[in-house]
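This report refers to the structure that appears directly beneath it.
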Amino acid sequence: MNENQTEAPVRVDRVRQVAVIGAGTIGASWAACFLANGLDVTVVDPVRDREELRRAIDAMLPALENLGFRTDTDSRGIELLTQIGGELAETQFVQESVPERLAVKRETLRELETVIGPQVIVSSSSTAMVPSDIQAEARYPQRVIVGHPFNPPHLIPLVEISGGKLTAPHVLDWALAFYQAIGKAPVLMKKEAYGHIANRLAAALFREAIHLVAEGFTTVEGIDEVITQGPGLRWALQGPFTTYHLAGGPEGIAHYMRHLGPTQEARWRTLGEPQLTDDLVAQLVREVQESVAGLSIAQLARIRDTGLVELHRLKEGLPAEPSNITDS
C-alpha cells in the first residue's frame with residue numbers, strides 16, 4: 001500500500017479505544033469527555049501525576065452527569081502513560097493536546113506513527129496552528145487534522161475541524177461524525193486559517209476590549225459587565241448574523257445593512273490597535289485581580305462550569321437541577 005493511501009478508519013460506532021496525548025487543562029478535559037461517553041481512554045503525559053489527573057477528571061464528571069452522560073464511571077477507567085509506546089497499538093483515535101509549539105507537535109506525531117495504525121486519525125487541539133504545518137513531516141499526513149475545542153472541552157460543544165493541504169476528505173467526514181457521536185457541535189472549516197474561527201473572533205473582541213481600557217473609556221470590570229449583561233446573553237442563543245437579522249425588523253438583515261451598515265463601517269474605522277507594553281499588561285493584570293474580588297481560579301471555574309451546565313439544560317429544554325459540581 002502506498003504511504004499516501006491508508007485503509008479506512010474504524011467505523012465511528014465501533015470506536016472503543018482513544019488516546020489523549022498531553023494532560024494539561026485541555027487534555028484532561030478531553031479525557032473526561034471521552035470517559036463520560038463510555039470510551040476506554042489512555043492518556044500520555046511525561047509529567048502529570050496520576051492522582052492529580054484523576055482528581056481533576058473526577059471533578060469534571062458531575063457536570064457531565066448533569067448533562068445526561070454516563071454516571072457509572074470514574075477516572076479509574078483511564079490509563080496514564082509517561083511516554084508514547086506500544087500500549088497505544090490498539091488505539092482507534094488520537095486527540096493530541098501537547099503544548100502549542102510546532103516542533104513538539106511534529107515530534108509527537110513522529111512518535112505516534114511508530115505505534116499506531118496508518119488508518120488512525122490524529123486530531124490536534126491546536127489553539128492557532130494550521131494543520132498543513134503540523135502534518136508537513138508526517139509519514140501519513142492525510143490522516144492529520146485540527147480538532148480545536150473551546151475551553152473547557154468537556155462542557156463546550158464547539159469543535160472546529162480543519163484539514164490541511166494533504167488531509168484526505170474522508171478523514172474530515174469521519175471526524176465530523178465522531179465528534180457528533182460524542183455530543184459535540186463540530187464546525188468544518190472550508191479553509192484552514194491561523195487561529196481558526198472562534199479564536200479569531202475572540203481575538204478581535206479582546207483587542208478592542210484592551211484598547212477601550214488602555215484609552216481610559218472603561219475598566220476591565222466594565223468590559224466584563226458589558227459582555228455578560230448584554231451581547232453575551234444573546235450570543236449564547238444566536239450568533240452575530242442572526243442577531244443583526246433580528247435587528248432589521250420584518251425585512252431582516254437586508255434592511256439592517258441598508259440603514260445601519262454605514263454606522264458599522266464608521267465603527268470599524270475607529271477600532272484600536274493596542275500594543276501590549278509592560279505598563280499596559282501590568283494595568284490589565286491589576287484590574288483583573290481587582291475585578292474577581294479575591295476569588296480563586298478554582299472558584300471562578302466552578303462558577304463558569306455551573307453556569308454552562310444550566311445554559312446547556314436551558315438550550316436543550318431540560319429542567320433545571322441543583323448542581324453537584326464541586327471545587328477542583
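A note on labels: chains of the C-alpha cells are A, B, ... as shown, every chain counts residues from 1, and ligands are counted from 1 in their shown order.
Using only C-alpha atoms, the protein and nucleic acid residues lying no more than 12 Å from Ala209 (chain A), apart from those fewer than 6 places from it along its own chain, are Ala202, Ala203, Glu215, Gly216, Phe217, Thr218, Thr219, Val220, Glu221, Gly222, Ile223, Asp224, Glu225, Val226, Ile227, Leu271, Gly272, Glu273, Pro274 and Leu284 of chain A.
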Go ahead and save the residues from that selection, with all heavy atoms, as a tab-separated table (two decimals), in the first residue's frame.
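Result file is out_4.tsv:
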```tsv
chain	number	residue	atom	x	y	z
A	202	ALA	N	-12.74	35.85	18.88
A	202	ALA	CA	-12.44	36.24	20.26
A	202	ALA	C	-11.29	37.23	20.32
A	202	ALA	O	-11.31	38.17	21.13
A	202	ALA	CB	-12.11	34.99	21.09
A	203	ALA	N	-10.29	37.04	19.44
A	203	ALA	CA	-9.14	37.95	19.42
A	203	ALA	C	-9.55	39.35	19.00
A	203	ALA	O	-9.03	40.35	19.52
A	203	ALA	CB	-8.06	37.41	18.48
A	215	GLU	N	-7.27	53.22	26.63
A	215	GLU	CA	-7.57	54.61	26.33
A	215	GLU	C	-8.44	55.27	27.39
A	215	GLU	O	-8.85	56.43	27.25
A	215	GLU	CB	-8.25	54.71	24.97
A	215	GLU	CG	-7.37	54.28	23.81
A	215	GLU	CD	-6.10	55.11	23.70
A	215	GLU	OE1	-6.21	56.36	23.79
A	215	GLU	OE2	-5.02	54.52	23.55
A	216	GLY	N	-8.76	54.52	28.45
A	216	GLY	CA	-9.48	55.11	29.56
A	216	GLY	C	-10.98	55.22	29.39
A	216	GLY	O	-11.64	55.94	30.15
A	217	PHE	N	-11.57	54.53	28.42
A	217	PHE	CA	-13.01	54.57	28.23
A	217	PHE	C	-13.76	53.80	29.31
A	217	PHE	O	-14.89	54.12	29.65
A	217	PHE	CB	-13.39	54.01	26.86
A	217	PHE	CG	-12.93	54.85	25.70
A	217	PHE	CD1	-11.84	54.48	24.96
A	217	PHE	CD2	-13.59	56.03	25.39
A	217	PHE	CE1	-11.41	55.25	23.89
A	217	PHE	CE2	-13.17	56.82	24.32
A	217	PHE	CZ	-12.07	56.43	23.57
A	218	THR	N	-13.12	52.75	29.84
A	218	THR	CA	-13.76	51.91	30.85
A	218	THR	C	-12.69	51.12	31.58
A	218	THR	O	-11.49	51.34	31.37
A	218	THR	CB	-14.81	50.98	30.21
A	218	THR	OG1	-15.53	50.29	31.25
A	218	THR	CG2	-14.16	49.97	29.29
A	219	THR	N	-13.12	50.20	32.42
A	219	THR	CA	-12.21	49.34	33.17
A	219	THR	C	-12.38	47.90	32.72
A	219	THR	O	-13.32	47.56	32.00
A	219	THR	CB	-12.50	49.42	34.67
A	219	THR	OG1	-13.83	48.94	34.90
A	219	THR	CG2	-12.38	50.86	35.17
A	220	VAL	N	-11.49	47.04	33.19
A	220	VAL	CA	-11.64	45.61	32.95
A	220	VAL	C	-13.00	45.12	33.46
A	220	VAL	O	-13.71	44.38	32.77
A	220	VAL	CB	-10.50	44.83	33.62
A	220	VAL	CG1	-10.85	43.35	33.78
A	220	VAL	CG2	-9.20	44.98	32.82
A	221	GLU	N	-13.38	45.55	34.64
A	221	GLU	CA	-14.66	45.14	35.21
A	221	GLU	C	-15.81	45.63	34.35
A	221	GLU	O	-16.81	44.92	34.14
A	221	GLU	CB	-14.80	45.66	36.63
A	221	GLU	CG	-16.05	45.16	37.34
A	221	GLU	CD	-16.10	45.59	38.81
A	221	GLU	OE1	-15.27	46.43	39.21
A	221	GLU	OE2	-16.96	45.06	39.54
A	222	GLY	N	-15.69	46.84	33.82
A	222	GLY	CA	-16.72	47.39	32.97
A	222	GLY	C	-16.89	46.58	31.68
A	222	GLY	O	-18.02	46.32	31.24
A	223	ILE	N	-15.78	46.19	31.08
A	223	ILE	CA	-15.83	45.37	29.87
A	223	ILE	C	-16.55	44.06	30.14
A	223	ILE	O	-17.45	43.65	29.40
A	223	ILE	CB	-14.41	45.09	29.34
A	223	ILE	CG1	-13.75	46.37	28.83
A	223	ILE	CG2	-14.43	44.00	28.27
A	223	ILE	CD1	-14.32	46.90	27.53
A	224	ASP	N	-16.16	43.37	31.22
A	224	ASP	CA	-16.77	42.07	31.53
A	224	ASP	C	-18.26	42.22	31.82
A	224	ASP	O	-19.08	41.37	31.42
A	224	ASP	CB	-16.05	41.42	32.72
A	224	ASP	CG	-14.73	40.78	32.32
A	224	ASP	OD1	-14.41	40.77	31.11
A	224	ASP	OD2	-14.02	40.28	33.21
A	225	GLU	N	-18.63	43.31	32.49
A	225	GLU	CA	-20.04	43.53	32.80
A	225	GLU	C	-20.85	43.79	31.52
A	225	GLU	O	-21.95	43.27	31.36
A	225	GLU	CB	-20.17	44.73	33.76
A	225	GLU	CG	-21.57	44.94	34.31
A	225	GLU	CD	-21.94	43.96	35.41
A	225	GLU	OE1	-21.10	43.10	35.76
A	225	GLU	OE2	-23.07	44.06	35.93
A	226	VAL	N	-20.28	44.57	30.62
A	226	VAL	CA	-20.97	44.87	29.36
A	226	VAL	C	-21.23	43.58	28.57
A	226	VAL	O	-22.33	43.38	28.03
A	226	VAL	CB	-20.14	45.86	28.51
A	226	VAL	CG1	-20.59	45.85	27.06
A	226	VAL	CG2	-20.26	47.27	29.09
A	227	ILE	N	-20.23	42.72	28.49
A	227	ILE	CA	-20.39	41.49	27.70
A	227	ILE	C	-21.36	40.53	28.37
A	227	ILE	O	-22.27	40.00	27.73
A	227	ILE	CB	-19.02	40.81	27.48
A	227	ILE	CG1	-18.13	41.69	26.61
A	227	ILE	CG2	-19.20	39.43	26.84
A	227	ILE	CD1	-18.69	41.96	25.22
A	271	LEU	N	-11.77	51.44	15.41
A	271	LEU	CA	-11.28	50.38	16.30
A	271	LEU	C	-9.78	50.54	16.54
A	271	LEU	O	-9.03	50.96	15.66
A	271	LEU	CB	-11.58	49.01	15.69
A	271	LEU	CG	-13.07	48.66	15.53
A	271	LEU	CD1	-13.22	47.29	14.87
A	271	LEU	CD2	-13.78	48.67	16.87
A	272	GLY	N	-9.37	50.17	17.74
A	272	GLY	CA	-7.98	50.40	18.13
A	272	GLY	C	-7.05	49.25	17.80
A	272	GLY	O	-7.48	48.14	17.49
A	273	GLU	N	-5.76	49.53	17.89
A	273	GLU	CA	-4.71	48.54	17.73
A	273	GLU	C	-3.71	48.69	18.88
A	273	GLU	O	-2.61	49.19	18.70
A	273	GLU	CB	-4.00	48.68	16.38
A	273	GLU	CG	-4.92	48.43	15.18
A	273	GLU	CD	-4.18	48.46	13.86
A	273	GLU	OE1	-2.94	48.62	13.88
A	273	GLU	OE2	-4.84	48.33	12.81
A	274	PRO	N	-4.11	48.27	20.08
A	274	PRO	CA	-3.25	48.48	21.26
A	274	PRO	C	-1.97	47.67	21.20
A	274	PRO	O	-1.91	46.61	20.59
A	274	PRO	CB	-4.15	48.01	22.41
A	274	PRO	CG	-5.07	47.01	21.78
A	274	PRO	CD	-5.33	47.52	20.41
A	284	LEU	N	-3.63	45.76	33.20
A	284	LEU	CA	-4.65	44.76	32.95
A	284	LEU	C	-4.65	43.69	34.04
A	284	LEU	O	-5.71	43.28	34.53
A	284	LEU	CB	-4.44	44.11	31.58
A	284	LEU	CG	-4.60	45.03	30.38
A	284	LEU	CD1	-4.19	44.30	29.10
A	284	LEU	CD2	-6.02	45.54	30.26
```
Review point. Got a sec: who's within 9 Å of Ser75 (chain A), counting only C-alpha atoms, leaving out chain neighbours fewer than 4 positions off, as a PyMOL selection string?
Key: chain A and resi 31-32+35+53-58+61+79
Exercise for review: Using DSSP on the backbone coordinates, identify all residues within region 38-286 of chain A classified as helix (DSSP H, G or I); present the result as a PyMOL selection string.
Suggested key: chain A and resi 50-66+75-77+86-88+102-112+131-135+141-143+169-181+198-214+220-229+231-235+240-247+249-251+253-270+278-286
**Study point:** Coordinates-based distance that separates CA of Ser125 (chain A) from CA of Glu96 (chain A) (Å, one decimal)
**Key:** 6.0 Å
Practice item. Considering only C-alpha atoms, state which residue in the set A:Val288, A:Ala36, A:Ala8, A:Ala282 is at the smallest distance from Ile182 (chain A). Key: A:Ala36
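Of the listed residues (A:Leu176, A:Ile84, A:Ala214, A:Met257), A:Ala214 comes nearest to Glu287 (chain A); the distances count only C-alpha atoms.
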Check your understanding: What does the distance between CA of Thr82 (chain A) and CA of Val20 (chain A) come to in Å, to one decimal place?
Key -> 11.9 Å
